[in-house]
Amino acid sequence: MGRSEPTVTAQEWDGDAPVAFLRDYLAERYADHPDATVLSKRIDEHLPTFWEAFSAVYGDGPEAAEWAIRAVDAAIEGYEDRDDGLRELDQERTRDPDWFQRPDHVTYMAYVDLFAGDLQGVREKIPYLKELGVTYLHLMPLLEPREGRNDGGYAVTDYRSVNPDLGTMDDLRKLAADLREEDILLSLDFVMNHTAREHEWAQAAREGEERFEEFYLTFEDRTKPDQYEETVPEVFPDFAPGNFTYSEAMDRWVWTSFYDFQWDLDYGNPDVFVQMLQEMLFLANVGTDSLRLDAVPFLWKEMGTDCRNLPEAHEILRAYRALVRIAAPGVLFKAEAIVSPDETIKYLGTGGHEGEECEIAYGAPLMAHAWHALAREDTRLLSHAMRELPPTPGSATWLNYVRCHDDIGWGLDNGDVRAALGRDPTGERRFCADFYAGDTTDSYAEGYRFQVEESTGEARTSGTMAALTGLQRARIEGEDEDVEMAIRRGLLLHSVVYAMKGMPLLYSGIELGQLNDFSYLSDPIKTDDNRWVHRPSFDWDRAARRETDGTVEQRLFDAIAALSEARKGLTPVHAQGEVRVLDVGPDEIFVVERVFEGERLLALGNFSGDPQVVSLGALADIWNRGGLTDVLNGDSAVFADRRIFLAPYGYRWFQPDPEFEPGDPVSTTIEVDVETDWGENVYLTGSLDVLGGFDPDEAVPMAAEEYPTWTAAIEVPEGTYFEFEWLIKRDGEVIEWSPDRYGAKAGEGAILSGLDRP
């Protein structure tokens, strides 16, 4: 619909009741709209939030009101361009506000070209994603970038065109429709902070068009840039130092937070705000379900600050969130804000603004602390940091991940490190960088340092999961046992991100154990950035091996798919569920209890290479009544010793089953290898009555028909885990006990050795 430019005179403007004035103005402006009822309802609901946020940035006078009306106009135009199917989806999601927080969501993150060649290729790979349990696909930057160096696609020249190497905008629409048909959400990157210097706005600015000169932050000399540099840190000090770049065409200094070819937009200009809203809504109407808002902490600059996470950045997001809810309320906002937890949580809406910013943010603290726990074989810092996280707004959720396209930043809080470990925080962060670069004596990792801080030795870390867990080294030069341990490490980390609050995210290829890729070294555009080592082309030959039992690919893929399947309908892992990180076991064990709508889940992970046990007596009473159901295999059982045992790097998920009773006794054969001297015999004792309750006088004799293997067959109620030890007697006297305990299950015999005694 064609509309006249809004005009609000000082005489007309009611500064005492701005929302009422705007509501009346807009009601008259859209009175004849075919969908006036729908739009009126949405405007009434979201206008107060929009104006509060917008006016906090752009002022509250008549000029700001005109720009506010232009912004609402843009939202209405976005609504008008939205097809009927997307509008119906908007209505469904509005009626069902927790639709994105439910337990069955699993995210997959991939570069289009590396994963499947182009957008058509991605369409053909949808069955593969379904097999893995994926319900949310994040495709890395795919809009048209500048030629040459483009920061992995984050230097956009046209928000309305797809990179020609990947396809067309029509191809993207078809992919979005296909994914929607398969109940898979589509997420696309929206680069908010900057454009490429080749973008038409930047080109117009260089050519002297006054309107577009004001789209960017530029300065006539170095006076202000030098003042800003005193407090603004560098993003890439190693290969993109400084925050400003001189433009010969403009004879001005341009703010470039990232690379010299990425020009920061000036969000102090309401014209920029409206134009970026239009680009945002264009992508929404292509069919994306979620916009990943890139670099949102950088949106606002203010002298004397670090120009990160400033209040105006949040107001801008609130204003956008309200407007997109008018145009396309079914579209989610995802904040790309890898900052401290106290700052990250603000992007989900806090301080009375819950539900007014983004619905999703990245759980970077969980990722970094889980890798730290793995290196140290000590979960104290992980547990402490997770307990100290700010409460998550009920309207939001997290994306939790083991690896992604970016490096691992060791964001270990100084206070947390001192409180949990009593160690020097700088040394702890340096240890992580050293361990995962393979530079400590006990390291199995083959990662790389990224952005080294020379004064402290701290660095971030690059590398695939396979490289960092030791799988890469083990497959090349290790034994089968080394491969086994590395697989377990990777699956343990995934079990944690699947159990915590939010959606688990799988980075493309991680489910197959893809290795570091060094082909980037031959590309002059990429060679200086070792993050490309963990951005390999997807290996579809490797993917085919997932169908062969016993292969590394099959074991990883099937175990991760099993975690995806286990989450479906698992009420306690709903994003609104409570998270209780428990301190109930050895330092090597991470324990979390999830609670929602009266249902519970207990998730345990052993971060060490030795078996561990957790006492049920340290848990709430519900875990000590009856049996436990193993969520990952569906079996119910009791633990006769009231202790859950975990294999090296093992993980288990349980729900209480108070009504469970063990079944009829089943024959269970126990075998142990023990060398003895003449006249000595081996006996079996354990927690069960049939084993004498650890009374050596009631121990069961074992036979040595295939010495040094000793065997005994006992009857154990089906569905019972129990513990046992062996002992050696001579002339009826005990002369030796087994050095530690064994765990066993009825019908299966010994399944774990090396348990500690209570």
# chains A, B, ... in the order shown; residues from 1 in each chain; ligands from 1
$ select_by_dssp --residues "region 272-496 of chain A" --states "strand (DSSP E)" --output "list of chain:residue names"
A:Ser290, A:Leu291, A:Arg292, A:Leu293, A:Asp294, A:Leu332, A:Phe333, A:Lys334, A:Ala335, A:Ile360, A:Ala361, A:Tyr362, A:Thr397, A:Trp398, A:Leu399, A:Asn400, A:Tyr401, A:Tyr448, A:Arg449, A:Phe450, A:Arg460, A:Thr461, A:Ser462
$ write_last_selection --atoms "N, CA and C atoms" --output "PDB file, in the first residue's frame"
ATOM      1  N   SER A 290      14.400 -17.802  12.534  1.00  0.00           N
ATOM      2  CA  SER A 290      15.250 -17.212  13.557  1.00  0.00           C
ATOM      3  C   SER A 290      16.336 -16.389  12.888  1.00  0.00           C
ATOM      4  N   LEU A 291      16.565 -15.201  13.415  1.00  0.00           N
ATOM      5  CA  LEU A 291      17.648 -14.356  12.936  1.00  0.00           C
ATOM      6  C   LEU A 291      18.751 -14.316  13.982  1.00  0.00           C
ATOM      7  N   ARG A 292      19.930 -14.749  13.586  1.00  0.00           N
ATOM      8  CA  ARG A 292      21.091 -14.653  14.475  1.00  0.00           C
ATOM      9  C   ARG A 292      21.661 -13.245  14.309  1.00  0.00           C
ATOM     10  N   LEU A 293      21.510 -12.448  15.332  1.00  0.00           N
ATOM     11  CA  LEU A 293      21.899 -11.045  15.273  1.00  0.00           C
ATOM     12  C   LEU A 293      23.373 -10.931  15.621  1.00  0.00           C
ATOM     13  N   ASP A 294      24.174 -10.712  14.594  1.00  0.00           N
ATOM     14  CA  ASP A 294      25.623 -10.771  14.746  1.00  0.00           C
ATOM     15  C   ASP A 294      26.176  -9.505  15.393  1.00  0.00           C
ATOM     16  N   LEU A 332      12.146 -15.614  15.671  1.00  0.00           N
ATOM     17  CA  LEU A 332      12.940 -15.500  16.883  1.00  0.00           C
ATOM     18  C   LEU A 332      14.161 -14.623  16.664  1.00  0.00           C
ATOM     19  N   PHE A 333      14.619 -13.992  17.740  1.00  0.00           N
ATOM     20  CA  PHE A 333      15.887 -13.267  17.750  1.00  0.00           C
ATOM     21  C   PHE A 333      16.904 -14.091  18.549  1.00  0.00           C
ATOM     22  N   LYS A 334      18.070 -14.273  17.971  1.00  0.00           N
ATOM     23  CA  LYS A 334      19.168 -14.971  18.650  1.00  0.00           C
ATOM     24  C   LYS A 334      20.350 -14.016  18.756  1.00  0.00           C
ATOM     25  N   ALA A 335      20.797 -13.763  19.977  1.00  0.00           N
ATOM     26  CA  ALA A 335      21.881 -12.807  20.200  1.00  0.00           C
ATOM     27  C   ALA A 335      23.232 -13.486  20.073  1.00  0.00           C
ATOM     28  N   ILE A 360      16.898 -16.169  22.366  1.00  0.00           N
ATOM     29  CA  ILE A 360      17.957 -17.175  22.391  1.00  0.00           C
ATOM     30  C   ILE A 360      19.309 -16.480  22.520  1.00  0.00           C
ATOM     31  N   ALA A 361      20.209 -17.092  23.285  1.00  0.00           N
ATOM     32  CA  ALA A 361      21.603 -16.651  23.338  1.00  0.00           C
ATOM     33  C   ALA A 361      22.483 -17.897  23.452  1.00  0.00           C
ATOM     34  N   TYR A 362      23.772 -17.706  23.199  1.00  0.00           N
ATOM     35  CA  TYR A 362      24.713 -18.828  23.219  1.00  0.00           C
ATOM     36  C   TYR A 362      25.220 -19.102  24.636  1.00  0.00           C
ATOM     37  N   THR A 397      15.728 -19.002  26.082  1.00  0.00           N
ATOM     38  CA  THR A 397      16.433 -20.278  26.129  1.00  0.00           C
ATOM     39  C   THR A 397      17.862 -20.059  25.641  1.00  0.00           C
ATOM     40  N   TRP A 398      18.667 -21.125  25.729  1.00  0.00           N
ATOM     41  CA  TRP A 398      20.086 -21.070  25.361  1.00  0.00           C
ATOM     42  C   TRP A 398      20.384 -22.022  24.221  1.00  0.00           C
ATOM     43  N   LEU A 399      21.462 -21.753  23.537  1.00  0.00           N
ATOM     44  CA  LEU A 399      22.060 -22.724  22.629  1.00  0.00           C
ATOM     45  C   LEU A 399      23.341 -23.212  23.284  1.00  0.00           C
ATOM     46  N   ASN A 400      23.375 -24.488  23.603  1.00  0.00           N
ATOM     47  CA  ASN A 400      24.538 -25.084  24.257  1.00  0.00           C
ATOM     48  C   ASN A 400      25.296 -25.957  23.269  1.00  0.00           C
ATOM     49  N   TYR A 401      26.598 -25.877  23.305  1.00  0.00           N
ATOM     50  CA  TYR A 401      27.380 -26.533  22.261  1.00  0.00           C
ATOM     51  C   TYR A 401      28.732 -26.986  22.779  1.00  0.00           C
ATOM     52  N   TYR A 448      45.223 -25.539  18.553  1.00  0.00           N
ATOM     53  CA  TYR A 448      46.150 -24.449  18.246  1.00  0.00           C
ATOM     54  C   TYR A 448      45.755 -23.203  19.021  1.00  0.00           C
ATOM     55  N   ARG A 449      46.760 -22.435  19.411  1.00  0.00           N
ATOM     56  CA  ARG A 449      46.506 -21.156  20.066  1.00  0.00           C
ATOM     57  C   ARG A 449      46.033 -20.135  19.036  1.00  0.00           C
ATOM     58  N   PHE A 450      45.063 -19.326  19.476  1.00  0.00           N
ATOM     59  CA  PHE A 450      44.538 -18.259  18.616  1.00  0.00           C
ATOM     60  C   PHE A 450      44.547 -16.971  19.420  1.00  0.00           C
ATOM     61  N   ARG A 460      43.192 -18.027  23.095  1.00  0.00           N
ATOM     62  CA  ARG A 460      42.008 -18.801  22.758  1.00  0.00           C
ATOM     63  C   ARG A 460      42.466 -20.062  22.025  1.00  0.00           C
ATOM     64  N   THR A 461      41.530 -20.948  21.733  1.00  0.00           N
ATOM     65  CA  THR A 461      41.896 -22.255  21.192  1.00  0.00           C
ATOM     66  C   THR A 461      41.104 -22.584  19.943  1.00  0.00           C
ATOM     67  N   SER A 462      41.802 -23.051  18.916  1.00  0.00           N
ATOM     68  CA  SER A 462      41.178 -23.547  17.689  1.00  0.00           C
ATOM     69  C   SER A 462      41.364 -25.057  17.600  1.00  0.00           C
TER      70      SER A 462
END
$ residues_around --residues "Tyr228 (chain A)" --least-positions-apart "2" --cutoff "12 Å" --atoms "only C-alpha atoms" --output "list in words"
Phe219, Arg222, Thr223, Lys224, Pro225, Asp226, Glu230, Thr231, Val232, Pro233, Glu234, Gly242, Asn243, Phe244, Trp255, Ser257, Lys301, Glu302, Met303, Gly304, Thr305, Asp306 and Cys307 of chain A
$ write_last_selection --atoms "N, CA, C and O atoms" --output "short mmCIF file (atom, residue, chain, number, x, y, z; two decimals), in the first residue's frame"
data_model
loop_
_atom_site.label_atom_id
_atom_site.label_comp_id
_atom_site.auth_asym_id
_atom_site.auth_seq_id
_atom_site.Cartn_x
_atom_site.Cartn_y
_atom_site.Cartn_z
N PHE A 219 35.18 10.15 10.77
CA PHE A 219 35.80 11.28 11.47
C PHE A 219 36.79 11.96 10.52
O PHE A 219 37.52 11.30 9.78
N ARG A 222 42.21 12.24 13.23
CA ARG A 222 42.43 11.19 14.22
C ARG A 222 42.13 11.64 15.65
O ARG A 222 42.30 10.85 16.58
N THR A 223 41.65 12.85 15.84
CA THR A 223 41.47 13.33 17.20
C THR A 223 40.52 12.43 18.00
O THR A 223 40.89 11.89 19.05
N LYS A 224 39.30 12.27 17.52
CA LYS A 224 38.35 11.42 18.25
C LYS A 224 38.71 9.94 18.17
O LYS A 224 38.61 9.23 19.19
N PRO A 225 39.11 9.41 17.01
CA PRO A 225 39.54 8.00 17.01
C PRO A 225 40.62 7.70 18.04
O PRO A 225 40.56 6.67 18.73
N ASP A 226 41.58 8.58 18.18
CA ASP A 226 42.63 8.35 19.18
C ASP A 226 42.07 8.36 20.59
O ASP A 226 42.51 7.59 21.46
N GLU A 230 41.74 4.80 23.40
CA GLU A 230 42.25 4.70 24.76
C GLU A 230 41.43 3.72 25.60
O GLU A 230 41.95 3.15 26.56
N THR A 231 40.17 3.52 25.25
CA THR A 231 39.31 2.65 26.06
C THR A 231 38.68 1.50 25.29
O THR A 231 38.10 0.60 25.91
N VAL A 232 38.76 1.51 23.97
CA VAL A 232 38.10 0.47 23.17
C VAL A 232 39.11 -0.62 22.82
O VAL A 232 40.12 -0.34 22.17
N PRO A 233 38.88 -1.86 23.25
CA PRO A 233 39.82 -2.94 22.93
C PRO A 233 39.75 -3.34 21.46
O PRO A 233 38.77 -3.04 20.77
N GLU A 234 40.80 -4.02 21.00
CA GLU A 234 40.84 -4.51 19.63
C GLU A 234 40.23 -5.91 19.57
O GLU A 234 40.43 -6.73 20.47
N GLY A 242 43.72 -2.07 15.76
CA GLY A 242 43.03 -0.78 15.72
C GLY A 242 41.55 -0.92 15.41
O GLY A 242 41.07 -1.97 15.00
N ASN A 243 40.82 0.17 15.61
CA ASN A 243 39.38 0.19 15.39
C ASN A 243 38.95 1.16 14.30
O ASN A 243 37.75 1.35 14.09
N PHE A 244 39.93 1.76 13.60
CA PHE A 244 39.60 2.77 12.59
C PHE A 244 40.46 2.57 11.35
O PHE A 244 41.61 2.14 11.44
N TRP A 255 35.04 3.99 11.31
CA TRP A 255 35.08 3.02 12.42
C TRP A 255 34.95 1.61 11.83
O TRP A 255 33.99 1.30 11.14
N SER A 257 35.35 -1.96 13.56
CA SER A 257 35.62 -2.77 14.76
C SER A 257 36.33 -4.07 14.43
O SER A 257 37.14 -4.56 15.22
N LYS A 301 28.28 3.21 20.36
CA LYS A 301 29.59 3.72 20.74
C LYS A 301 29.43 4.96 21.62
O LYS A 301 28.58 5.81 21.35
N GLU A 302 30.27 5.04 22.63
CA GLU A 302 30.24 6.19 23.52
C GLU A 302 31.64 6.45 24.05
O GLU A 302 32.31 5.54 24.54
N MET A 303 32.08 7.68 23.93
CA MET A 303 33.43 8.06 24.35
C MET A 303 33.65 7.72 25.83
O MET A 303 32.77 7.90 26.67
N GLY A 304 34.83 7.21 26.12
CA GLY A 304 35.20 6.90 27.49
C GLY A 304 34.76 5.53 27.97
O GLY A 304 34.98 5.18 29.13
N THR A 305 34.13 4.74 27.09
CA THR A 305 33.72 3.37 27.43
C THR A 305 34.42 2.39 26.50
O THR A 305 35.14 2.78 25.58
N ASP A 306 34.20 1.11 26.75
CA ASP A 306 34.75 0.10 25.83
C ASP A 306 33.86 -0.13 24.62
O ASP A 306 34.16 -0.96 23.77
N CYS A 307 32.75 0.62 24.55
CA CYS A 307 31.81 0.53 23.41
C CYS A 307 31.30 -0.90 23.22
O CYS A 307 31.12 -1.37 22.10
#
$ residues_around --residues "Lys729 (chain A)" --least-positions-apart "5" --cutoff "7 Å" --atoms "only C-alpha atoms" --output "PyMOL selection string"
chain A and resi 680-682+734-735
$ closest_residue --among "A:Pro665, A:Pro708, A:Pro391, A:Pro365" --to "Asp677 (chain A)" --atoms "only C-alpha atoms"
A:Pro708
$ residues_around --residues "Pro696 (chain A)" --least-positions-apart "6" --cutoff "12 Å" --atoms "only C-alpha atoms" --output "list in words"
Val682, Tyr683, Leu684, Thr685, Gly686, Ser687, Phe724, Glu725, Trp726, Leu727, Ile728, Lys729, Gly732, Glu733, Val734, Ile735, Glu736 and Trp737 of chain A
$ write_last_selection --atoms "N, CA and C atoms" --output "mmCIF file, in the first residue's frame"
data_model
loop_
_atom_site.group_PDB
_atom_site.id
_atom_site.type_symbol
_atom_site.label_atom_id
_atom_site.label_comp_id
_atom_site.auth_asym_id
_atom_site.auth_seq_id
_atom_site.Cartn_x
_atom_site.Cartn_y
_atom_site.Cartn_z
ATOM 1 N N VAL A 682 39.932 -68.455 45.858
ATOM 2 C CA VAL A 682 39.314 -67.142 45.690
ATOM 3 C C VAL A 682 37.823 -67.239 46.004
ATOM 4 N N TYR A 683 37.342 -66.226 46.720
ATOM 5 C CA TYR A 683 35.940 -66.154 47.112
ATOM 6 C C TYR A 683 35.349 -64.834 46.622
ATOM 7 N N LEU A 684 34.037 -64.831 46.539
ATOM 8 C CA LEU A 684 33.298 -63.660 46.068
ATOM 9 C C LEU A 684 32.399 -63.161 47.186
ATOM 10 N N THR A 685 32.442 -61.855 47.435
ATOM 11 C CA THR A 685 31.541 -61.270 48.428
ATOM 12 C C THR A 685 31.004 -59.960 47.878
ATOM 13 N N GLY A 686 29.876 -59.559 48.396
ATOM 14 C CA GLY A 686 29.270 -58.345 47.858
ATOM 15 C C GLY A 686 28.085 -57.893 48.660
ATOM 16 N N SER A 687 27.350 -56.931 48.120
ATOM 17 C CA SER A 687 26.268 -56.293 48.858
ATOM 18 C C SER A 687 25.021 -57.157 48.949
ATOM 19 N N PHE A 724 30.679 -55.909 44.150
ATOM 20 C CA PHE A 724 31.316 -57.075 44.770
ATOM 21 C C PHE A 724 32.822 -56.873 44.845
ATOM 22 N N GLU A 725 33.439 -57.708 45.662
ATOM 23 C CA GLU A 725 34.889 -57.768 45.762
ATOM 24 C C GLU A 725 35.283 -59.233 45.795
ATOM 25 N N TRP A 726 36.521 -59.512 45.465
ATOM 26 C CA TRP A 726 37.019 -60.871 45.644
ATOM 27 C C TRP A 726 38.012 -60.875 46.804
ATOM 28 N N LEU A 727 38.216 -62.051 47.370
ATOM 29 C CA LEU A 727 39.200 -62.188 48.438
ATOM 30 C C LEU A 727 39.856 -63.552 48.329
ATOM 31 N N ILE A 728 41.048 -63.660 48.845
ATOM 32 C CA ILE A 728 41.803 -64.920 48.817
ATOM 33 C C ILE A 728 41.878 -65.467 50.245
ATOM 34 N N LYS A 729 41.570 -66.751 50.356
ATOM 35 C CA LYS A 729 41.675 -67.424 51.659
ATOM 36 C C LYS A 729 42.687 -68.559 51.577
ATOM 37 N N GLY A 732 41.093 -71.154 55.402
ATOM 38 C CA GLY A 732 39.930 -70.486 55.977
ATOM 39 C C GLY A 732 40.159 -69.067 56.423
ATOM 40 N N GLU A 733 41.390 -68.554 56.297
ATOM 41 C CA GLU A 733 41.693 -67.203 56.727
ATOM 42 C C GLU A 733 41.890 -66.285 55.513
ATOM 43 N N VAL A 734 41.354 -65.089 55.603
ATOM 44 C CA VAL A 734 41.520 -64.117 54.516
ATOM 45 C C VAL A 734 42.947 -63.589 54.525
ATOM 46 N N ILE A 735 43.624 -63.702 53.382
ATOM 47 C CA ILE A 735 44.993 -63.187 53.296
ATOM 48 C C ILE A 735 45.115 -62.013 52.308
ATOM 49 N N GLU A 736 44.078 -61.793 51.497
ATOM 50 C CA GLU A 736 44.138 -60.674 50.555
ATOM 51 C C GLU A 736 42.737 -60.317 50.071
ATOM 52 N N TRP A 737 42.480 -59.000 49.973
ATOM 53 C CA TRP A 737 41.250 -58.489 49.373
ATOM 54 C C TRP A 737 41.583 -57.866 48.027
#
$ select_by_dssp --residues "region 327-549 of chain A" --states "alpha helix (DSSP H)" --output "ChimeraX atom specification"
/A:327,341-344,364-376,380-388,414-421,425-436,465-468,471-477,480-499,540-544
$ residues_around --residues "Leu570 (chain A)" --least-positions-apart "2" --cutoff "9 Å" --atoms "only C-alpha atoms" --output "list in words"
Arg102, Pro103, Asp104, Ala566, Arg567, Lys568, Pro572, Val573, His574, Glu599 and Leu601 of chain A
$ closest_residue --among "A:Ala750, A:Leu493, A:Ile69, A:Leu186" --to "Val331 (chain A)" --atoms "only C-alpha atoms"
A:Leu186
$ residues_around --residues "Val552 (chain A)" --least-positions-apart "5" --cutoff "9 Å" --atoms "only C-alpha atoms" --output "NGL selection string"
:A and (483-484 or 487 or 512-513 or 545-546 or 557)
$ residues_around --residues "region 202-210 of chain A" --least-positions-apart "3" --cutoff "10 Å" --atoms "only C-alpha atoms" --output "PyMOL selection string"
chain A and resi 157+195-199+213-216+247-252+262-263+265
$ write_last_selection --atoms "N, CA, C and O atoms" --output "PDB file, in the first residue's frame"
ATOM      1  N   THR A 157      27.561  -7.404   1.213  1.00  0.00           N
ATOM      2  CA  THR A 157      27.378  -6.321   0.245  1.00  0.00           C
ATOM      3  C   THR A 157      25.911  -6.122  -0.131  1.00  0.00           C
ATOM      4  O   THR A 157      25.538  -5.064  -0.636  1.00  0.00           O
ATOM      5  N   THR A 195      28.440  -3.179   7.531  1.00  0.00           N
ATOM      6  CA  THR A 195      28.316  -3.713   6.174  1.00  0.00           C
ATOM      7  C   THR A 195      29.714  -3.804   5.579  1.00  0.00           C
ATOM      8  O   THR A 195      30.674  -3.247   6.115  1.00  0.00           O
ATOM      9  N   ALA A 196      29.816  -4.488   4.460  1.00  0.00           N
ATOM     10  CA  ALA A 196      31.056  -4.430   3.690  1.00  0.00           C
ATOM     11  C   ALA A 196      31.210  -3.026   3.118  1.00  0.00           C
ATOM     12  O   ALA A 196      30.215  -2.328   2.857  1.00  0.00           O
ATOM     13  N   ARG A 197      32.443  -2.601   2.918  1.00  0.00           N
ATOM     14  CA  ARG A 197      32.649  -1.265   2.335  1.00  0.00           C
ATOM     15  C   ARG A 197      32.190  -1.212   0.877  1.00  0.00           C
ATOM     16  O   ARG A 197      32.082  -0.134   0.298  1.00  0.00           O
ATOM     17  N   GLU A 198      31.892  -2.388   0.293  1.00  0.00           N
ATOM     18  CA  GLU A 198      31.356  -2.440  -1.069  1.00  0.00           C
ATOM     19  C   GLU A 198      29.839  -2.396  -1.103  1.00  0.00           C
ATOM     20  O   GLU A 198      29.238  -2.392  -2.184  1.00  0.00           O
ATOM     21  N   HIS A 199      29.179  -2.408   0.057  1.00  0.00           N
ATOM     22  CA  HIS A 199      27.718  -2.288   0.089  1.00  0.00           C
ATOM     23  C   HIS A 199      27.310  -0.981  -0.592  1.00  0.00           C
ATOM     24  O   HIS A 199      28.031   0.019  -0.542  1.00  0.00           O
ATOM     25  N   GLU A 213      26.544   9.171   3.799  1.00  0.00           N
ATOM     26  CA  GLU A 213      27.705   9.503   4.620  1.00  0.00           C
ATOM     27  C   GLU A 213      27.345   9.401   6.099  1.00  0.00           C
ATOM     28  O   GLU A 213      28.180   9.033   6.932  1.00  0.00           O
ATOM     29  N   GLU A 214      26.075   9.692   6.406  1.00  0.00           N
ATOM     30  CA  GLU A 214      25.628   9.649   7.795  1.00  0.00           C
ATOM     31  C   GLU A 214      25.198   8.252   8.240  1.00  0.00           C
ATOM     32  O   GLU A 214      24.765   8.077   9.380  1.00  0.00           O
ATOM     33  N   PHE A 215      25.333   7.264   7.365  1.00  0.00           N
ATOM     34  CA  PHE A 215      25.040   5.881   7.737  1.00  0.00           C
ATOM     35  C   PHE A 215      26.197   5.251   8.512  1.00  0.00           C
ATOM     36  O   PHE A 215      26.012   4.223   9.175  1.00  0.00           O
ATOM     37  N   TYR A 216      27.364   5.824   8.421  1.00  0.00           N
ATOM     38  CA  TYR A 216      28.559   5.217   9.009  1.00  0.00           C
ATOM     39  C   TYR A 216      29.212   6.178   9.995  1.00  0.00           C
ATOM     40  O   TYR A 216      29.007   7.402   9.939  1.00  0.00           O
ATOM     41  N   SER A 247      39.821   6.136   4.881  1.00  0.00           N
ATOM     42  CA  SER A 247      39.237   6.011   3.550  1.00  0.00           C
ATOM     43  C   SER A 247      39.725   7.169   2.702  1.00  0.00           C
ATOM     44  O   SER A 247      39.376   8.334   2.959  1.00  0.00           O
ATOM     45  N   GLU A 248      40.523   6.847   1.680  1.00  0.00           N
ATOM     46  CA  GLU A 248      41.025   7.899   0.796  1.00  0.00           C
ATOM     47  C   GLU A 248      39.880   8.561   0.034  1.00  0.00           C
ATOM     48  O   GLU A 248      39.879   9.781  -0.172  1.00  0.00           O
ATOM     49  N   ALA A 249      38.896   7.763  -0.394  1.00  0.00           N
ATOM     50  CA  ALA A 249      37.789   8.322  -1.181  1.00  0.00           C
ATOM     51  C   ALA A 249      37.021   9.376  -0.398  1.00  0.00           C
ATOM     52  O   ALA A 249      36.587  10.393  -0.950  1.00  0.00           O
ATOM     53  N   MET A 250      36.870   9.157   0.909  1.00  0.00           N
ATOM     54  CA  MET A 250      36.117  10.104   1.741  1.00  0.00           C
ATOM     55  C   MET A 250      37.033  11.099   2.448  1.00  0.00           C
ATOM     56  O   MET A 250      36.553  12.100   2.994  1.00  0.00           O
ATOM     57  N   ASP A 251      38.321  10.784   2.456  1.00  0.00           N
ATOM     58  CA  ASP A 251      39.278  11.573   3.224  1.00  0.00           C
ATOM     59  C   ASP A 251      38.823  11.671   4.681  1.00  0.00           C
ATOM     60  O   ASP A 251      38.845  12.731   5.312  1.00  0.00           O
ATOM     61  N   ARG A 252      38.397  10.496   5.205  1.00  0.00           N
ATOM     62  CA  ARG A 252      37.931  10.428   6.591  1.00  0.00           C
ATOM     63  C   ARG A 252      38.343   9.089   7.185  1.00  0.00           C
ATOM     64  O   ARG A 252      38.630   8.121   6.460  1.00  0.00           O
ATOM     65  N   GLN A 262      35.035  -3.843   6.818  1.00  0.00           N
ATOM     66  CA  GLN A 262      33.722  -3.896   7.470  1.00  0.00           C
ATOM     67  C   GLN A 262      33.480  -2.559   8.174  1.00  0.00           C
ATOM     68  O   GLN A 262      34.109  -2.268   9.190  1.00  0.00           O
ATOM     69  N   TRP A 263      32.575  -1.757   7.618  1.00  0.00           N
ATOM     70  CA  TRP A 263      32.322  -0.410   8.128  1.00  0.00           C
ATOM     71  C   TRP A 263      31.171  -0.437   9.134  1.00  0.00           C
ATOM     72  O   TRP A 263      30.051  -0.860   8.812  1.00  0.00           O
ATOM     73  N   LEU A 265      28.082   0.631  11.195  1.00  0.00           N
ATOM     74  CA  LEU A 265      26.926   1.499  10.980  1.00  0.00           C
ATOM     75  C   LEU A 265      26.727   2.433  12.171  1.00  0.00           C
ATOM     76  O   LEU A 265      27.076   2.099  13.309  1.00  0.00           O
TER      77      LEU A 265
END
